[in-house]
Amino acid sequence: MSDDHILSQAEVESLLSSMDTGVSAALSREVEEKSRPKQKISPYDFKRPERVGKEQMRALQSLHEGFGRNFGASMSALLRTMVDVKLTSVDQLTFSEFVFGLENPTCFVLLDADPLKGNLILDINPAILFPMIDRMLGGGKESSITLRRPLTEIERRLVQRIITLFLEEMANSWENVIQLDLSVVRIESNPQLVSIVPPNEVIVLIGFELSMQGVRGMLNLCIPYNSIERFSSTLVANSWQGYGRGHSTDETRAHIAVEMENSEVEVVVSLANSRITTSELLGLRVGDIITTEHDVKTPLSLLVGGHTKYLGRPGAIKGKKAIQIEEVVFPIDRPKPNKTHNVKEARENGGGQTSDGK
């Protein structure tokens with residue numbers, strides 16, 4: 001080996017130093033990676049897309065909690081025994097998962113809910129359905145044997161009474177969101193024979209547990225998401241409201257009137273409307289006169305909050321421009337009184353002489 005390939009002592013020390021530095025850097029990177037907190041990765045299943053938001057799910061939960069209480073009271077009155085209806089779950093899953101999780105045979109009710117698109121499904125588990133039928137036929141407190149068979153025609157007519165109560169309470173619970181016109185399309189015993197949406201379509205499954213005289217069973221309501229998609233914003237906006245619609249009283253109306261007395265509104269007087277060309281507009285100078293079709297004897301419109309509320313005559317008071325109200329303009333859907341409104345009556349309705357301070 002020639003002398004040109006022999007390393008000097010300084011070069012050897014430099015190489016050793018760089019090797020130590022590289023090893024230290026690699027070690028520091030390894031320690032840093034181990035000490036760095038791991039990011040939580042949430043798996044996403046494309047077969048089960050999460051289309052329903054959390055706010056919508058909470059709104060549906062609040063809505064049907066009240067429904068469960070009301071439906072339980074109605075069922076207790078029908079069966080003359082205590083029936084407890086408890087909301088157990090509000091989940092979103094695919095339609096195929098919902099169907100495959102049901103028993104066969106079962107009570108599978110296809111519902112029409114106008115103006116919602118498509119159909120809804122009500123499933124009543126036979127474990128609780130047959131004891132309720134037995135109670136309606138005069139059965140006592142003794143527990144009956146759970147049957148696994150399709151319903152007979154007589155049993156279908158008895159179940160229709162239970163479904164009618166369900167639909168009435170459901171319409172009352174949803175009235176703050178939308179007025180539903182619910183009706184039964186048909187009743188099936190085999191859930192595999194009914195397909196309201198594609199198998200992979202997302203549905204909202206609302207589950208209730210019914211208990212009566214020691215017997216328990218599930219009642220499931222299946223709502224396709226595409227049925228309530230148009231009303232999702234309304235559903236969230238009305239989620240804070242109560243389950244019943246209250247009525248106004250004299251005290252509430254008086255309280256609202258007091259609160260509105262000091263409210264500020266925009267008052268504008270419309271003098272006239274006219275059309276001119278762009279060239280005429282550009283050519284306007286101080287002192288020019290714009291002619292309109294508005295007759296000088298015709299009253300002017302006084303707009304409150306952008307709506308025509310009064311008619312009046314222009315004038316002046318204490319050196320300021322003003323308008324004297326002569327007539328109250330009533331909405332089209334509100335009948336106008338027979339007597340003529342004079343200035344005094346207009347003032348009693350909130351009118352008077354309004355100075356043009358704006």
# chains A, B, ... in the order shown; residues from 1 in each chain; ligands from 1
call {"tool": "residues_around", "arguments": {"residues": "Leu93 in chain A", "least_positions_apart": "2", "cutoff": "7 Å", "atoms": "only C-alpha atoms", "output": "JSON, numbers by chain"}}
result
{"A": [48, 91, 95, 97, 202, 203, 204]}
call {"tool": "write_last_selection", "arguments": {"atoms": "N, CA and C atoms", "output": "mmCIF file, in the first residue's frame"}}
result
data_model
loop_
_atom_site.group_PDB
_atom_site.id
_atom_site.type_symbol
_atom_site.label_atom_id
_atom_site.label_comp_id
_atom_site.auth_asym_id
_atom_site.auth_seq_id
_atom_site.Cartn_x
_atom_site.Cartn_y
_atom_site.Cartn_z
ATOM 1 N N ARG A 48 -69.665 1.564 6.875
ATOM 2 C CA ARG A 48 -70.547 2.170 7.876
ATOM 3 C C ARG A 48 -70.191 3.645 8.029
ATOM 4 N N ASP A 91 -78.653 4.644 17.834
ATOM 5 C CA ASP A 91 -77.443 4.307 17.087
ATOM 6 C C ASP A 91 -77.685 4.491 15.596
ATOM 7 N N PHE A 95 -78.660 -0.721 7.049
ATOM 8 C CA PHE A 95 -79.951 -1.391 7.060
ATOM 9 C C PHE A 95 -79.790 -2.911 7.136
ATOM 10 N N GLU A 97 -77.427 -4.593 8.666
ATOM 11 C CA GLU A 97 -77.109 -4.961 10.047
ATOM 12 C C GLU A 97 -78.367 -4.959 10.912
ATOM 13 N N VAL A 202 -77.378 4.077 5.458
ATOM 14 C CA VAL A 202 -77.332 4.364 6.896
ATOM 15 C C VAL A 202 -78.747 4.603 7.417
ATOM 16 N N ILE A 203 -79.036 3.992 8.553
ATOM 17 C CA ILE A 203 -80.324 4.203 9.220
ATOM 18 C C ILE A 203 -80.052 4.574 10.680
ATOM 19 N N VAL A 204 -81.016 5.249 11.283
ATOM 20 C CA VAL A 204 -80.962 5.571 12.711
ATOM 21 C C VAL A 204 -81.867 4.577 13.428
#
call {"tool": "residues_around", "arguments": {"residues": "range 161-177 of chain A", "least_positions_apart": "4", "cutoff": "7 Å", "atoms": "only C-alpha atoms", "output": "list in words"}}
result
Leu63, Phe67, Asn70, Phe71, Ser74, Leu182, Thr234, Leu235, Asn238 and Tyr243 of chain A
call {"tool": "atom_distance", "arguments": {"atom1": "CA of Gln56 in chain A", "atom2": "CA of Ser89 in chain A"}}
result
13.9 Å
call {"tool": "closest_atom_pairs", "arguments": {"of": "range 200-312 of chain A", "to": "range 111-116 of chain A", "cutoff": "10 Å", "atoms": "only C-alpha atoms", "output": "CSV"}}
result
residue,atom,partner,partner_atom,distance
A:Cys222,CA,A:Leu111,CA,9.9
A:Ile223,CA,A:Leu116,CA,10.0
A:Pro224,CA,A:Leu116,CA,9.9
A:Asn226,CA,A:Leu116,CA,8.8
A:Ser227,CA,A:Leu116,CA,5.3
A:Ile228,CA,A:Leu116,CA,6.6
A:Glu229,CA,A:Leu116,CA,9.2
A:Arg230,CA,A:Leu116,CA,8.6
A:Phe231,CA,A:Leu116,CA,8.9
call {"tool": "residues_around", "arguments": {"residues": "Ile206 in chain A", "least_positions_apart": "3", "cutoff": "6 Å", "atoms": "only C-alpha atoms", "output": "ChimeraX atom specification"}}
result
/A:89-90,220-221
call {"tool": "residues_around", "arguments": {"residues": "range 262-265 of chain A", "least_positions_apart": "5", "cutoff": "10 Å", "atoms": "only C-alpha atoms", "output": "list of chain:residue names"}}
result
A:Ala257, A:Val304, A:Gly305, A:Gly306
call {"tool": "select_by_dssp", "arguments": {"residues": "range 169-303 of chain A", "states": "strand (DSSP E)", "output": "JSON, numbers by chain"}}
result
{"A": [181, 182, 183, 184, 185, 186, 187, 188, 202, 203, 204, 205, 206, 207, 208, 209, 210, 211, 212, 215, 216, 217, 218, 219, 220, 221, 222, 223, 224, 267, 268, 269, 270, 300, 301, 302, 303]}
call {"tool": "select_by_dssp", "arguments": {"residues": "range 48-259 of chain A", "states": "alpha helix (DSSP H)", "output": "PyMOL selection string"}}
result
chain A and resi 54-79+95-100+126-136+153-174+225-228+232-237+250-259
call {"tool": "closest_residue", "arguments": {"among": "A:Ser270, A:Asp134, A:Arg313, A:Pro199", "to": "Lys297 in chain A", "atoms": "only C-alpha atoms"}}
result
A:Arg313
